[in-house]
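> Once you've had a glance at the structure underneath, I'll fire off some questions.
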Amino acid sequence: MSAFFQIKAHCPFIGISQAAVGQWEQALLPLAGIAFGKRGDKWKAFQTSLLTCGHSKYKINQHFFFMTSLRLKFRPSVSRGREGTVFLQVVRHRVVKSFSTGCHIYPDEWDEASASVRIVGTRERKAQLQKVSCKVRWMLGRIAAVMAEREAAAVEYSADDIVAECHCLPQCHTWFGFIRSLIAEKEGAGRWGTAKTYRDALSSFACFRGGEDIVMDDLDEGHMGRYEEWLKGRGLKRNSSSCYLRTLRTLYRKAVGRGLVANKDIFRGVFTGFAKTSKRAITVESVRAVRSLRLAEGSPLAFARDMFLLSLYLQGISFVDLAYLRKSDIRCGRLLYDRKKTRQSIAVGWEPAMQAIVDRYACLTSGSPYLLPIITRQDGTERRQYERAEHNVNRNLKKVGVMAGIAIPLTTYVARHTWASTMRDMGCDLSVVSAGLGHENLRTTQIYLSTIDTATVEKANRKLLDRILG
């Protein structure tokens with residue numbers, strides 16, 4: 001009975017459905033002398049064995065089905081220094097058959113004692129070995145499930161039948177591997193910002209998993225719930241946590257759309273919305289205070305201040321779009337560019353205040369196609385140059401904000417919110433503000449403006465109290 005207890009206890013870990021387990025249990029327990037109506041001491045012994053095996057931590061790399069065994073094995077290469085092959089071995093009625101998993105590793109990456117892949121080497125190699133380990137365990141679980149279902153249905157089968165099932169297995173798609181493929185797609189299409197968002201989400205989830213990849217079929221609501229709790233435990237705010245989870249949800253939906261996994265709605269139990277945050281906009285008076293600061297010409301503080309003002313003047317342009325502006329984008333008194341994030345075309349009337357800031361740095365952009373000295377070299381590192389510049393500008397803007405007596409941390413993003421809130425307060429229609437920001441829909445603009453309505457509500461309520469109280 002111990003072999004049966006072993007495989008039964010680990011069914012949840014190897015992908016055997018509960019329905020199949022139930023059928024299998026009812027078929028096999030009577031053969032073991034345990035009647036379902038009157039189990040008695042034997043049933044207690046069965047439960048004890050399940051409990052013992054269910055809490056064990058070793059990897060299940062071999063399974064026994066009475067006259068059948070399924071093992072994971074390694075065959076070294078005959079050529080010295082080359083990778084060997086990981087394969088499955090099926091023994092049925094003393095007939096031995098094998099099937100290659102298509103995975104190859106070096107001898108020192110195989111643990112003979114536990115019949116498992118060892119995760120060793122460089123960071124890149126460990127990632128590859130995690131993928132191999134995940135794939136072979138998935139294959140082992142799938143074939144074990146097939147064997148269990150045949151045993152439960154009392155259907156006779158041979159070792160050749162099991163090998164034939166191995167050949168019919170669908171392709172194994174791992175979660176990390178799929179995300180990496182999407183990152184490569186976005187980078188190939190020049191969507192560097194999206195690629196970075198995907199990479200950041202993968203890095204976070206991989207850290208949560210301790211670097212261990214997972215087959216997409218095994219992803220469930222519990223994984224996402226534990227991941228959300230893990231993010232909270234690391235001190236992330238609700239919106240930061242939601243951002244990671246929304247990105248993973250997007251990636252999961254892409255996998256569903258490509259037919260790689262069934263949609264199990266695994267994000268239904270986690271927060272993927274937008275929580276109200278503290279005010280990110282400043283008043284026109286505060287903008288004037290920033291503009292009137294006496295800063296050393298050419299200093300990092302002056303440059304940060306100028307980029308903030310230019311972003312505000314250009315309808316709250318995002319820093320990535322500001323960095324990639326070209327001199328040729330100014331035509332017939334207008335600035336014309338496409339947003340990096342949405343590819344939406346934006347047109348801004350070119351005003352003297354904008355030209356004055358650009359002229360201030362003209363000596364640093366001579367010979368460059370770019371309008372501003374943010375990207376200074378065209379050598380394939382443009383994205384890195386922009387990210388470094390944004391980091392430096394935001395760091396210096398915080399100092400500028402303190403000097404101007406502004407209570408909230410000043411960033412380039414504050415300029416975008418300030419433009420939106422000021423336009424709204426001036427009575428501009430929401431659709432006008434949305435078009436100016438380059439949003440694809442009004443809901444995004446409403447999210448921008450929702451954090452600055454508190455003062456208006458308080459003011460209205462104060463008027464009401466004044467009327468009531470006389």
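Simple scheme: letters A, B, ... for chains in structure tokens order, numbers from 1 for residues in each chain, numbers from 1 for ligands in the order shown.
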With a cut-off of 9 Å, could you pull out the residues of region 298-353 of chain A touching region 193-215 of chain A and give me the nearest pair of atoms for each, distance in Å to one decimal, using only C-alpha atoms, ordered by chain and ascending number, as a Markdown table?

```
| residue | atom | partner | partner_atom | distance |
| --- | --- | --- | --- | --- |
| A:Val320 | CA | A:Gly193 | CA | 8.9 |
| A:Lys340 | CA | A:Gly193 | CA | 7.9 |
| A:Lys341 | CA | A:Gly193 | CA | 7.2 |
```
> May I have the residues within 12 Å of Ala255 (chain A) as a list in words, using only C-alpha atoms and disregarding those fewer than 2 positions away in the same chain?
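In the requested form, the answer reads His173, Thr174, Trp175, Phe176, Gly177, Phe178, Ile179, Ser181, Leu182, Val215, Met216, Asp217, Leu219, Leu248, Arg249, Thr250, Leu251, Tyr252, Arg253, Gly257, Arg258, Gly259, Leu260, Val261, Ala262, Asn263 and Lys264 of chain A.
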> Work out how far CA of Trp138 (chain A) is from CA of His104 (chain A), in Å to one decimal.
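Separating CA of His104 (chain A) from CA of Trp138 (chain A) is a distance of 15.8 Å.
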> Which of region 198-402 of chain A counts as strand (DSSP E or B) under DSSP, as a PyMOL selection string please?
chain A and resi 215+326+330-331+334-338+345-349+370
> Suppose you want the space between CA of Arg305 (chain A) and CA of Ala356 (chain A); what is it in Å?
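CA of Ala356 (chain A) lies 13.5 Å from CA of Arg305 (chain A).
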> Could you check the closest approach to Ser100 (chain A) for each of A:Leu129, A:Leu371, A:Val136, A:Val78 and tell me which residue wins, using only C-alpha atoms?
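Of A:Leu129, A:Leu371, A:Val136, A:Val78, the one nearest Ser100 (chain A), counting only C-alpha atoms, is A:Val136.
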> Could you pull the residues within 6 Å of Gln385 (chain A), counting only C-alpha atoms, minus those fewer than 3 positions along the same chain, as a list in words?
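Residues near the query, excluding close chain neighbours: Ile375, Glu382 and Arg388 of chain A.
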> Between CA of Ile374 (chain A) and CA of Ser421 (chain A), what is the distance, to one decimal in Å?
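For CA of Ile374 (chain A) relative to CA of Ser421 (chain A), the distance reads 27.1 Å.
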> If we count only C-alpha atoms, what is near Tyr313 (chain A) at a cut-off of 9 Å, once residues fewer than 2 positions away on the same chain are taken out, given as an mmCIF file with N, CA, C and O atoms, in the first residue's frame?

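That gives us around.cif:
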```cif
data_model
loop_
_atom_site.group_PDB
_atom_site.id
_atom_site.type_symbol
_atom_site.label_atom_id
_atom_site.label_comp_id
_atom_site.auth_asym_id
_atom_site.auth_seq_id
_atom_site.Cartn_x
_atom_site.Cartn_y
_atom_site.Cartn_z
ATOM 1 N N PHE A 308 11.063 70.729 -15.995
ATOM 2 C CA PHE A 308 9.746 70.722 -15.351
ATOM 3 C C PHE A 308 8.832 71.745 -16.027
ATOM 4 O O PHE A 308 7.681 71.438 -16.373
ATOM 5 N N LEU A 309 9.328 72.958 -16.208
ATOM 6 C CA LEU A 309 8.528 74.020 -16.822
ATOM 7 C C LEU A 309 8.184 73.683 -18.269
ATOM 8 O O LEU A 309 7.041 73.886 -18.704
ATOM 9 N N LEU A 310 9.144 73.150 -19.012
ATOM 10 C CA LEU A 310 8.892 72.809 -20.412
ATOM 11 C C LEU A 310 7.840 71.696 -20.514
ATOM 12 O O LEU A 310 6.975 71.732 -21.392
ATOM 13 N N SER A 311 7.928 70.729 -19.606
ATOM 14 C CA SER A 311 6.919 69.664 -19.597
ATOM 15 C C SER A 311 5.526 70.241 -19.342
ATOM 16 O O SER A 311 4.545 69.842 -19.978
ATOM 17 N N GLN A 315 1.810 70.890 -22.503
ATOM 18 C CA GLN A 315 0.596 70.138 -22.178
ATOM 19 C C GLN A 315 0.871 68.902 -21.336
ATOM 20 O O GLN A 315 0.267 67.845 -21.525
ATOM 21 N N GLY A 316 1.807 69.043 -20.384
ATOM 22 C CA GLY A 316 2.090 67.930 -19.489
ATOM 23 C C GLY A 316 2.758 66.755 -20.184
ATOM 24 O O GLY A 316 2.515 65.596 -19.817
ATOM 25 N N ILE A 317 3.616 67.026 -21.146
ATOM 26 C CA ILE A 317 4.293 65.969 -21.891
ATOM 27 C C ILE A 317 5.083 65.081 -20.923
ATOM 28 O O ILE A 317 5.683 65.561 -19.963
ATOM 29 N N GLU A 351 5.197 78.063 -28.536
ATOM 30 C CA GLU A 351 5.150 79.395 -27.943
ATOM 31 C C GLU A 351 6.557 79.913 -27.623
ATOM 32 O O GLU A 351 7.496 79.123 -27.450
ATOM 33 N N ALA A 353 7.851 81.020 -24.880
ATOM 34 C CA ALA A 353 8.393 80.524 -23.606
ATOM 35 C C ALA A 353 9.050 79.155 -23.788
ATOM 36 O O ALA A 353 10.055 78.841 -23.130
ATOM 37 N N MET A 354 8.504 78.365 -24.701
ATOM 38 C CA MET A 354 9.094 77.050 -24.985
ATOM 39 C C MET A 354 10.422 77.215 -25.713
ATOM 40 O O MET A 354 11.426 76.559 -25.380
ATOM 41 N N ALA A 415 4.305 67.829 -13.043
ATOM 42 C CA ALA A 415 4.032 68.791 -14.114
ATOM 43 C C ALA A 415 2.839 68.337 -14.949
ATOM 44 O O ALA A 415 1.977 69.138 -15.325
ATOM 45 N N TRP A 419 -0.738 70.395 -15.126
ATOM 46 C CA TRP A 419 -1.367 70.893 -16.357
ATOM 47 C C TRP A 419 -2.826 70.440 -16.419
ATOM 48 O O TRP A 419 -3.720 71.244 -16.719
#
```
> Give me, as a list of chain:residue names, all polymer residues having an atom no more than 12 Å from Gly367 (chain A), counting only C-alpha atoms and skipping those fewer than 5 positions away in the same chain.
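After dropping sequence-adjacent residues, the list is A:Arg326, A:Lys327, A:Ala362, A:Leu372, A:Pro373, A:Thr376, A:Arg377, A:Gln378.
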> Please save N, CA and C atoms of the selected residues as a JSON list (two decimals), in the first residue's frame.

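Below you can see out-v6.json, which holds the result:
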```
[["chain", "number", "residue", "atom", "x", "y", "z"],
["A", 326, "ARG", "N", 12.53, 65.64, -31.45],
["A", 326, "ARG", "CA", 13.55, 66.00, -32.45],
["A", 326, "ARG", "C", 13.31, 67.43, -32.95],
["A", 327, "LYS", "N", 14.37, 68.03, -33.40],
["A", 327, "LYS", "CA", 14.26, 69.40, -33.93],
["A", 327, "LYS", "C", 13.28, 69.45, -35.10],
["A", 362, "ALA", "N", 20.85, 75.20, -26.61],
["A", 362, "ALA", "CA", 21.17, 74.98, -28.02],
["A", 362, "ALA", "C", 22.63, 74.61, -28.22],
["A", 372, "LEU", "N", 16.61, 68.45, -27.16],
["A", 372, "LEU", "CA", 17.16, 68.75, -25.83],
["A", 372, "LEU", "C", 18.36, 67.85, -25.53],
["A", 373, "PRO", "N", 19.25, 68.29, -24.65],
["A", 373, "PRO", "CA", 20.45, 67.49, -24.33],
["A", 373, "PRO", "C", 20.18, 66.40, -23.29],
["A", 376, "THR", "N", 22.24, 62.24, -25.78],
["A", 376, "THR", "CA", 23.38, 62.93, -26.40],
["A", 376, "THR", "C", 24.18, 62.04, -27.34],
["A", 377, "ARG", "N", 23.92, 60.73, -27.33],
["A", 377, "ARG", "CA", 24.65, 59.80, -28.21],
["A", 377, "ARG", "C", 23.65, 58.86, -28.88],
["A", 378, "GLN", "N", 23.90, 58.59, -30.15],
["A", 378, "GLN", "CA", 23.09, 57.62, -30.88],
["A", 378, "GLN", "C", 23.92, 56.35, -31.10]]
```
> Can you tell me which residues surround Lys126 (chain A) at a distance of at most 10 Å, considering only C-alpha atoms, apart from same-chain residues fewer than 6 positions away, and format the answer as a list in words?
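These residues fall inside the cut-off: Glu109, Arg118, Ile119, Val120, Val132, Gly211 and Glu212 of chain A.
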> With DSSP run on the backbone, what are the alpha helix (DSSP H) residues within region 284-370 of chain A? I'd like them as number ranges by chain.
A: 284-291, 300-313, 319-323, 352-360
> With only C-alpha atoms as the atoms that count, which of A:Phe99, A:Met224, A:Arg125, A:Ala407 lies nearest to Asp265 (chain A)?
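Going through A:Phe99, A:Met224, A:Arg125, A:Ala407 one by one, the smallest distance to Asp265 (chain A) is for A:Met224.
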